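**Student:** Okay, handing you the structure first.
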Amino acid sequence: WYQRRVREAVVSTQSTGTMHYDEIFRAFDRDKNGYLSVKELGKCMRKAIGDKYKSKDLEFLISCSDKDDDGKMNCEEFCMAVSVLARVSLKELKEQWNVFTTFDLDGNRAITCDELWQCMNRLGQELSKQECLQMVLDADKDGDERICFLEFVMMVKDAEDKAGLVETQNDMKEAFQLFDENGDGKIDRAELKQVMKSLHPESCPSEQEIEDMFQLADSNKDGTITFDEFCALMG
């Protein structure tokens, strides 16, 4: 029976593109007590994300996901853990646990606004309590105005992704400015040709290839390449 339920959940996932982790949880919660044992969790993880974990790793997952500190993993905790593991590795999760415990000053498995404010200021980040409260509210998914471990991991991951995006955008701006020789915020045909020749003196594209490149980038056909058009071409 439970294998049929899992197959149904997986087929639904494949057809809709939505991961029904709660269905997988219920299929493997064989004793129907609303919690997963280490053995049940191992089977769940293999089905949910295709990874096989050792018993000690499964015990760690149950422990670090345990928001209510009851020593068990319920459906909500399982769904959130799998969502997190879709973005970070188990190794990263363990590393983040060590960081989380330094912020969780009272050891109650949640970071409050006051704890975040104290730790950030100790690290030299002079944030106001209002700024810290906003960080907590942005990270808080269950509405308790605290950051549990898995919410903390997602907050850090989102910050890293945002930083990476900013870095990529900065790189794009530098490249664009290289082509935009007169600094008017646009690249014309002459500028594109000049920079292409300087970048590739031995193997410069032909006039027609440069024109084709320009036409491809100039999506609105106004005779210039804007920054957004340049990013689309390079992306």
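Residues are named by chain letter and number: chains run A, B, ... in the order of the structure tokens, numbers start at 1 in each chain, and ligands are numbered from 1 in the order shown.
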Report as a JSON list (two decimals) with N, CA and C atoms, in the first residue's frame all protein, DNA and RNA residues lying within 12 Å of Asp188 of chain A, evaluated on only C-alpha atoms, omitting residues in the same chain fewer than 6 positions from it.
**Tutor:**
[["chain", "number", "residue", "atom", "x", "y", "z"],
["A", 176, "PHE", "N", 30.19, 45.82, -19.96],
["A", 176, "PHE", "CA", 29.41, 46.76, -20.77],
["A", 176, "PHE", "C", 30.16, 48.08, -20.95],
["A", 179, "PHE", "N", 32.75, 48.17, -23.62],
["A", 179, "PHE", "CA", 32.25, 48.39, -24.99],
["A", 179, "PHE", "C", 31.72, 49.81, -25.17],
["A", 180, "ASP", "N", 31.11, 50.35, -24.12],
["A", 180, "ASP", "CA", 30.52, 51.69, -24.19],
["A", 180, "ASP", "C", 31.61, 52.74, -24.02],
["A", 181, "GLU", "N", 32.37, 52.97, -25.06],
["A", 181, "GLU", "CA", 33.58, 53.79, -24.97],
["A", 181, "GLU", "C", 33.30, 55.26, -24.66],
["A", 182, "ASN", "N", 32.17, 55.78, -25.14],
["A", 182, "ASN", "CA", 31.89, 57.20, -24.88],
["A", 182, "ASN", "C", 31.02, 57.40, -23.63],
["A", 194, "GLN", "N", 34.96, 48.23, -32.82],
["A", 194, "GLN", "CA", 36.26, 48.64, -32.31],
["A", 194, "GLN", "C", 36.73, 47.73, -31.19],
["A", 195, "VAL", "N", 35.84, 47.43, -30.24],
["A", 195, "VAL", "CA", 36.23, 46.60, -29.10],
["A", 195, "VAL", "C", 36.48, 45.16, -29.54],
["A", 210, "ILE", "N", 30.00, 40.54, -37.03],
["A", 210, "ILE", "CA", 29.78, 41.60, -36.04],
["A", 210, "ILE", "C", 28.40, 42.21, -36.24],
["A", 211, "GLU", "N", 28.00, 42.40, -37.51],
["A", 211, "GLU", "CA", 26.67, 42.95, -37.79],
["A", 211, "GLU", "C", 25.57, 41.99, -37.31],
["A", 213, "MET", "N", 25.84, 39.87, -34.89],
["A", 213, "MET", "CA", 25.86, 39.95, -33.42],
["A", 213, "MET", "C", 25.09, 41.18, -32.96],
["A", 214, "PHE", "N", 25.32, 42.29, -33.64],
["A", 214, "PHE", "CA", 24.65, 43.54, -33.28],
["A", 214, "PHE", "C", 23.13, 43.42, -33.47],
["A", 215, "GLN", "N", 22.73, 42.87, -34.57],
["A", 215, "GLN", "CA", 21.30, 42.70, -34.85],
["A", 215, "GLN", "C", 20.64, 41.78, -33.83],
["A", 217, "ALA", "N", 21.58, 41.34, -30.70],
["A", 217, "ALA", "CA", 21.51, 42.02, -29.40],
["A", 217, "ALA", "C", 20.49, 43.15, -29.41],
["A", 218, "ASP", "N", 20.40, 43.87, -30.52],
["A", 218, "ASP", "CA", 19.53, 45.06, -30.60],
["A", 218, "ASP", "C", 18.07, 44.63, -30.77],
["A", 221, "LYS", "N", 15.55, 47.22, -32.03],
["A", 221, "LYS", "CA", 15.93, 47.74, -33.35],
["A", 221, "LYS", "C", 16.03, 49.27, -33.40],
["A", 222, "ASP", "N", 16.64, 49.83, -32.33],
["A", 222, "ASP", "CA", 16.82, 51.28, -32.32],
["A", 222, "ASP", "C", 18.23, 51.70, -32.72],
["A", 223, "GLY", "N", 19.04, 50.72, -33.14],
["A", 223, "GLY", "CA", 20.38, 51.04, -33.61],
["A", 223, "GLY", "C", 21.43, 51.10, -32.52],
["A", 224, "THR", "N", 21.07, 50.74, -31.29],
["A", 224, "THR", "CA", 22.03, 50.71, -30.18],
["A", 224, "THR", "C", 21.74, 49.49, -29.31],
["A", 225, "ILE", "N", 22.74, 49.14, -28.49],
["A", 225, "ILE", "CA", 22.59, 48.02, -27.54],
["A", 225, "ILE", "C", 22.59, 48.59, -26.13],
["A", 226, "THR", "N", 21.47, 48.43, -25.44],
["A", 226, "THR", "CA", 21.39, 48.89, -24.05],
["A", 226, "THR", "C", 22.03, 47.86, -23.12],
["A", 227, "PHE", "N", 22.15, 48.23, -21.83],
["A", 227, "PHE", "CA", 22.73, 47.31, -20.86],
["A", 227, "PHE", "C", 21.91, 46.04, -20.76],
["A", 230, "PHE", "N", 22.50, 43.92, -23.71],
["A", 230, "PHE", "CA", 23.86, 43.35, -23.61],
["A", 230, "PHE", "C", 23.85, 42.14, -22.68]]
**Student:** Where does DSSP see strand (DSSP E or B) in segment 5-206 of chain A, if you list the residues as an MDAnalysis selection string?
**Tutor:** chainID A and resid 36 73 111 147 187
**Student:** Quick one, how far is atom CA of Tyr21 of chain A from atom CA of Cys79 of chain A?
**Tutor:**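 Taking atom CA of Tyr21 of chain A and atom CA of Cys79 of chain A, their separation equals 5.5 Å.
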**Student:** Please provide as an MDAnalysis selection string all residues within 9 Å of Leu150 of chain A, with the sequence filter that same-chain residues fewer than 6 positions apart are discarded (counting only C-alpha atoms).
**Tutor:** chainID A and resid 64:65 67 77 80:81 84 93
**Student:** Please provide as a list of chain:residue names all residues within 9 Å of segment 129-132 of chain A, with the sequence filter that same-chain residues fewer than 3 positions apart are discarded (counting only C-alpha atoms).
**Tutor:** A:Cys113, A:Asp114, A:Leu116, A:Trp117, A:Met120, A:Met135, A:Val136, A:Leu137
**Student:** Given the selection you just returned, output its residues as a file containing N, CA, C and O atoms, formatted as a PDB file, in the first residue's frame.
**Tutor:**
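Once written, part_27.pdb looks like this:
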ATOM      1  N   CYS A 113      14.957  38.158  17.660  1.00  0.00           N
ATOM      2  CA  CYS A 113      15.465  39.446  17.168  1.00  0.00           C
ATOM      3  C   CYS A 113      16.603  39.937  18.058  1.00  0.00           C
ATOM      4  O   CYS A 113      17.628  40.407  17.551  1.00  0.00           O
ATOM      5  N   ASP A 114      16.436  39.816  19.372  1.00  0.00           N
ATOM      6  CA  ASP A 114      17.459  40.291  20.303  1.00  0.00           C
ATOM      7  C   ASP A 114      18.752  39.500  20.157  1.00  0.00           C
ATOM      8  O   ASP A 114      19.849  40.077  20.175  1.00  0.00           O
ATOM      9  N   LEU A 116      19.781  37.894  17.460  1.00  0.00           N
ATOM     10  CA  LEU A 116      20.378  38.256  16.175  1.00  0.00           C
ATOM     11  C   LEU A 116      21.084  39.597  16.286  1.00  0.00           C
ATOM     12  O   LEU A 116      22.204  39.771  15.795  1.00  0.00           O
ATOM     13  N   TRP A 117      20.443  40.552  16.951  1.00  0.00           N
ATOM     14  CA  TRP A 117      21.022  41.885  17.114  1.00  0.00           C
ATOM     15  C   TRP A 117      22.329  41.820  17.902  1.00  0.00           C
ATOM     16  O   TRP A 117      23.331  42.435  17.513  1.00  0.00           O
ATOM     17  N   MET A 120      25.092  40.003  15.664  1.00  0.00           N
ATOM     18  CA  MET A 120      25.510  40.803  14.520  1.00  0.00           C
ATOM     19  C   MET A 120      26.401  41.956  14.960  1.00  0.00           C
ATOM     20  O   MET A 120      27.403  42.271  14.306  1.00  0.00           O
ATOM     21  N   MET A 135      14.886  41.330   9.421  1.00  0.00           N
ATOM     22  CA  MET A 135      15.577  40.125   8.971  1.00  0.00           C
ATOM     23  C   MET A 135      14.870  38.881   9.497  1.00  0.00           C
ATOM     24  O   MET A 135      14.715  37.898   8.775  1.00  0.00           O
ATOM     25  N   VAL A 136      14.463  38.929  10.769  1.00  0.00           N
ATOM     26  CA  VAL A 136      13.756  37.793  11.366  1.00  0.00           C
ATOM     27  C   VAL A 136      12.425  37.564  10.656  1.00  0.00           C
ATOM     28  O   VAL A 136      12.083  36.428  10.296  1.00  0.00           O
ATOM     29  N   LEU A 137      11.672  38.624  10.416  1.00  0.00           N
ATOM     30  CA  LEU A 137      10.368  38.502   9.772  1.00  0.00           C
ATOM     31  C   LEU A 137      10.499  37.997   8.336  1.00  0.00           C
ATOM     32  O   LEU A 137       9.657  37.222   7.868  1.00  0.00           O
TER      33      LEU A 137
END
**Student:** What's the separation between atom CA of Met73 of chain A and atom CA of Gly34 of chain A, in Å to one decimal place?
**Tutor:**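 Separating atom CA of Met73 of chain A from atom CA of Gly34 of chain A is a distance of 8.4 Å.
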**Student:** Which value, in Å to one decimal, gives the distance between atom CA of Ser37 of chain A and atom CA of His20 of chain A?
**Tutor:**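 So the answer is 19.6 Å.
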**Student:** Between A:Asp142, A:Ser55, A:Asn121, A:Ile24, which has the minimum distance to Phe78 of chain A (counting only C-alpha atoms)?
**Tutor:**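 Between A:Asp142, A:Ser55, A:Asn121, A:Ile24, the residue approaching Phe78 of chain A most closely is A:Ile24.
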